[in-house]
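First up is the structure itself, then whatever we jot down about it.
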Amino acid sequence: MESIRAESIVKTFGSIRALDGISLHIEPGELFFLLGASGCGKTTLLRCIAGLETPTSGTIHFGGRDVTNLPPHKREAAMVFQSYALWPHLNVAQNIAFGLEERRVPKPEIHRRVQEALAMVQLPGYGKRLIDQLSGGQQQRVALARALVVKPACLLLDEPLSNLDAQLRVEMRGEIRRIVKDNGLTGVYVTHDQEEALAMADRIAVLSQGRVGQIGTPEDIYRNPRSAYVAGFIGETNLLTGDVLEICERIVRVGTAAGRITGRITDPAWTPGPGETVRLSIRPEAWCLHKDTGDNPLAGKIVDRAYLGQRIQYWIETAAGRQQVVEMNPHVIHEPGGECVMLHARQEDVVVLKL
């Protein structure tokens with residue numbers, strides 16, 4: 001396994017700056033996610049790491065090697081594409097063996113390694129089947145086997161689950177993570193699906209307009225977003241606006257249209273000044289819906305709800321704007337109506353962000 005290091009990567013296409021000075025370090029054996037909306041630069045960065053694109057400036061290192069100008073086949077990395085890129089006129093074994101044949105590996109070793117790769121992705125005995133005889137999930141496993149058979153140091157995946165149905169995507173998440181970890185690979189995985197990233201990643205880089213917005217573990221990015229963009233992109237959140245009333249170390253009291261709310265600053269490089277307008281991020285599950293007293297009270301009226309079995313979503317109109325509230329395993333269901341309800345959120349669940 002190898003580390004991957006990108007330093008000050010810039011990539012331009014004419015007047016478009018797709019990557020704007022991105023730097024990141026991926027540890028050996030880490031499953032690292034590049035997450036962001038369409039057009040943020042995540043696939044361009046992956047293609048630069050793979051050698052399919054050459055950075056306009058900056059360098060890429062695999063371990064101690066500068067691979068910036070090396071062709072893809074000399075990087076010891078294998079890529080799995082969104083479309084799988086399997087050849088329909090070849091059977092499963094022939095698809096998997098293609099990379100080994102290009103490397104002029106002896107036929108007995110090709111046969112052995114193809115069988116090993118099929119076992120890794122839990123498709124033993126499927127070698128003679130044609131691609132159109134496989135389900136979408138099985139085709140995905142063949143694409144993974146083709147990447148693994150060349151024994152890469154790094155596995156690069158470009159939205160590999162986007163063509164699968166919802167249930168199969170969930171099943172394949174665990175399979176891909178198992179394959180990366182069992183084979184001691186360094187994995188770089190591109191997706192726009194935040195749930196996929198939260199479920200699978202060791203660490204995540206959230207990209208926006210060709211720049212890194214934040215890097216951290218799934219738990220850290222979800223609990224401690226450093227910008228409104230990251231807070232809104234990783235999961236769902238309520239964003240409120242208010243003015244700073246008081247600051248005590250990293251705890252801030254903010255005046256909103258619905259009253260005072262106290263929260264914490266997560267960006268170590270920023271401290272708001274008194275009177276500065278800021279944003280507050282409060283996750284839907286952080287709001288408690290009841291009539292008792294508690295931290296950060298906010299009054300409102302239920303205007304809509306959605307029952308989802310294990311949880312229920314409420315939309316509550318308040319003086320500070322409409323709030324989404326999620327209650328897990330609800331025993332009592334509140335109906336929309338004119339009755340006033342109270343929301344409360346713990347201080348540690350309120351994140352204060354730069355406007």
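Following the order of the structure tokens, first chain is A, next is B, and so on, with residues numbered from 1 inside each chain and ligands from 1 in the order they appear.
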
- Task: Show which residues sit within 10 Å of Ser281 in chain A, as a ChimeraX atom specification. Count only C-alpha atoms, and ignore same-chain residues fewer than 4 positions away.
- Result: /A:224-225,227-228,231-232,236-241,263,349-353

- Item | 12 Å contact set for Ala306 in chain A, only C-alpha atoms, chain neighbours under 5 positions out, as an MDAnalysis selection string | chainID A and resid 311:315 324:327 330 333:336

Interface rows for range 49-113 of chain A against range 125-141 of chain A: nearest pair, Å to one decimal, 12 Å, only C-alpha atoms, as JSON lines:
```
{"residue": "A:Val80", "atom": "CA", "partner": "A:Gln140", "partner_atom": "CA", "distance": 8.7}
{"residue": "A:Phe81", "atom": "CA", "partner": "A:Gln140", "partner_atom": "CA", "distance": 9.4}
{"residue": "A:Gln82", "atom": "CA", "partner": "A:Gln140", "partner_atom": "CA", "distance": 9.2}
{"residue": "A:Ser83", "atom": "CA", "partner": "A:Gln140", "partner_atom": "CA", "distance": 9.0}
{"residue": "A:Tyr84", "atom": "CA", "partner": "A:Gln140", "partner_atom": "CA", "distance": 6.4}
{"residue": "A:Ala85", "atom": "CA", "partner": "A:Gln139", "partner_atom": "CA", "distance": 9.7}
{"residue": "A:Leu86", "atom": "CA", "partner": "A:Ile131", "partner_atom": "CA", "distance": 7.5}
{"residue": "A:Trp87", "atom": "CA", "partner": "A:Ile131", "partner_atom": "CA", "distance": 7.5}
{"residue": "A:Pro88", "atom": "CA", "partner": "A:Ile131", "partner_atom": "CA", "distance": 5.5}
{"residue": "A:His89", "atom": "CA", "partner": "A:Leu130", "partner_atom": "CA", "distance": 7.6}
{"residue": "A:Leu90", "atom": "CA", "partner": "A:Leu130", "partner_atom": "CA", "distance": 6.7}
{"residue": "A:Asn91", "atom": "CA", "partner": "A:Leu130", "partner_atom": "CA", "distance": 4.4}
{"residue": "A:Val92", "atom": "CA", "partner": "A:Gly127", "partner_atom": "CA", "distance": 4.8}
{"residue": "A:Ala93", "atom": "CA", "partner": "A:Gly127", "partner_atom": "CA", "distance": 4.3}
{"residue": "A:Gln94", "atom": "CA", "partner": "A:Gly127", "partner_atom": "CA", "distance": 7.8}
{"residue": "A:Asn95", "atom": "CA", "partner": "A:Ile131", "partner_atom": "CA", "distance": 8.9}
{"residue": "A:Ile96", "atom": "CA", "partner": "A:Gly127", "partner_atom": "CA", "distance": 8.8}
{"residue": "A:Ala97", "atom": "CA", "partner": "A:Gly127", "partner_atom": "CA", "distance": 10.2}
{"residue": "A:His111", "atom": "CA", "partner": "A:Gly127", "partner_atom": "CA", "distance": 10.0}
{"residue": "A:Arg112", "atom": "CA", "partner": "A:Gly127", "partner_atom": "CA", "distance": 11.8}
{"residue": "A:Arg113", "atom": "CA", "partner": "A:Gly127", "partner_atom": "CA", "distance": 11.9}
```

- Query: If you run DSSP on the backbone, which residues of range 198-350 of chain A are strand (DSSP E or B), as a PyMOL selection string?
  - Reply: chain A and resi 203-208+211-216+238-248+251-256+259-265+277-282+288-290+298-307+311-318+321-328+340-344+350

- Message: Run DSSP on the backbone and tell me which residues of range 65-303 of chain A come out as alpha helix (DSSP H); list them as a PyMOL selection string.
- Response: chain A and resi 92-102+107-120+136-148+166-182+194-200+218-223+228-233

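Reported to one decimal place, the separation of CA of Asp267 in chain A from CA of Glu249 in chain A is 12.8 Å.
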
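Proximity ranking of A:Arg203, A:Arg17, A:Arg104, A:Arg65 relative to Thr217 in chain A places A:Arg203 first, based on only C-alpha atoms.
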
- Task: Give me the residues within 12 Å of Arg260 in chain A as a PyMOL selection string, counting only C-alpha atoms and dropping any in the same chain fewer than 3 places off.
- Result: chain A and resi 240-246+252-257+263+280+295-299+319-320+344-345+347

Write the residues of the selection above to a file with C-alpha atoms, as an mmCIF file, in the first residue's frame.
```cif
data_model
loop_
_atom_site.group_PDB
_atom_site.id
_atom_site.type_symbol
_atom_site.label_atom_id
_atom_site.label_comp_id
_atom_site.auth_asym_id
_atom_site.auth_seq_id
_atom_site.Cartn_x
_atom_site.Cartn_y
_atom_site.Cartn_z
ATOM 1 C CA LEU A 240 -30.489 30.363 10.809
ATOM 2 C CA THR A 241 -29.093 33.903 10.666
ATOM 3 C CA GLY A 242 -28.399 36.173 13.605
ATOM 4 C CA ASP A 243 -26.040 38.727 15.143
ATOM 5 C CA VAL A 244 -23.358 38.011 17.732
ATOM 6 C CA LEU A 245 -24.350 39.266 21.186
ATOM 7 C CA GLU A 246 -21.623 37.778 23.359
ATOM 8 C CA VAL A 252 -21.189 32.418 21.118
ATOM 9 C CA ARG A 253 -24.589 33.840 22.023
ATOM 10 C CA VAL A 254 -26.476 34.939 18.924
ATOM 11 C CA GLY A 255 -29.580 37.077 18.625
ATOM 12 C CA THR A 256 -32.033 35.740 16.040
ATOM 13 C CA ALA A 257 -35.496 36.812 14.922
ATOM 14 C CA GLY A 263 -23.703 27.647 20.037
ATOM 15 C CA LEU A 280 -26.227 28.839 12.868
ATOM 16 C CA ASP A 295 -31.536 24.983 26.091
ATOM 17 C CA ASN A 296 -32.091 27.347 23.174
ATOM 18 C CA PRO A 297 -35.908 27.434 23.165
ATOM 19 C CA LEU A 298 -37.596 28.224 19.858
ATOM 20 C CA ALA A 299 -41.372 28.538 19.513
ATOM 21 C CA ALA A 319 -39.955 33.490 13.655
ATOM 22 C CA ALA A 320 -36.432 32.513 12.541
ATOM 23 C CA HIS A 344 -34.886 22.974 22.157
ATOM 24 C CA ALA A 345 -31.317 22.234 21.088
ATOM 25 C CA GLN A 347 -25.511 24.216 23.011
#
```

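Note that the spacing between CA of Gly338 in chain A and CA of Ala258 in chain A amounts to 17.8 Å.
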
- Would you list the contacts of Ala117 in chain A as a VMD selection string, taking every protein, DNA or RNA residue within 9 Å and counting only C-alpha atoms, but skipping same-chain residues closer than 3 positions in sequence? chain A and resid 96 112 to 114 120 to 124 142 144 to 149
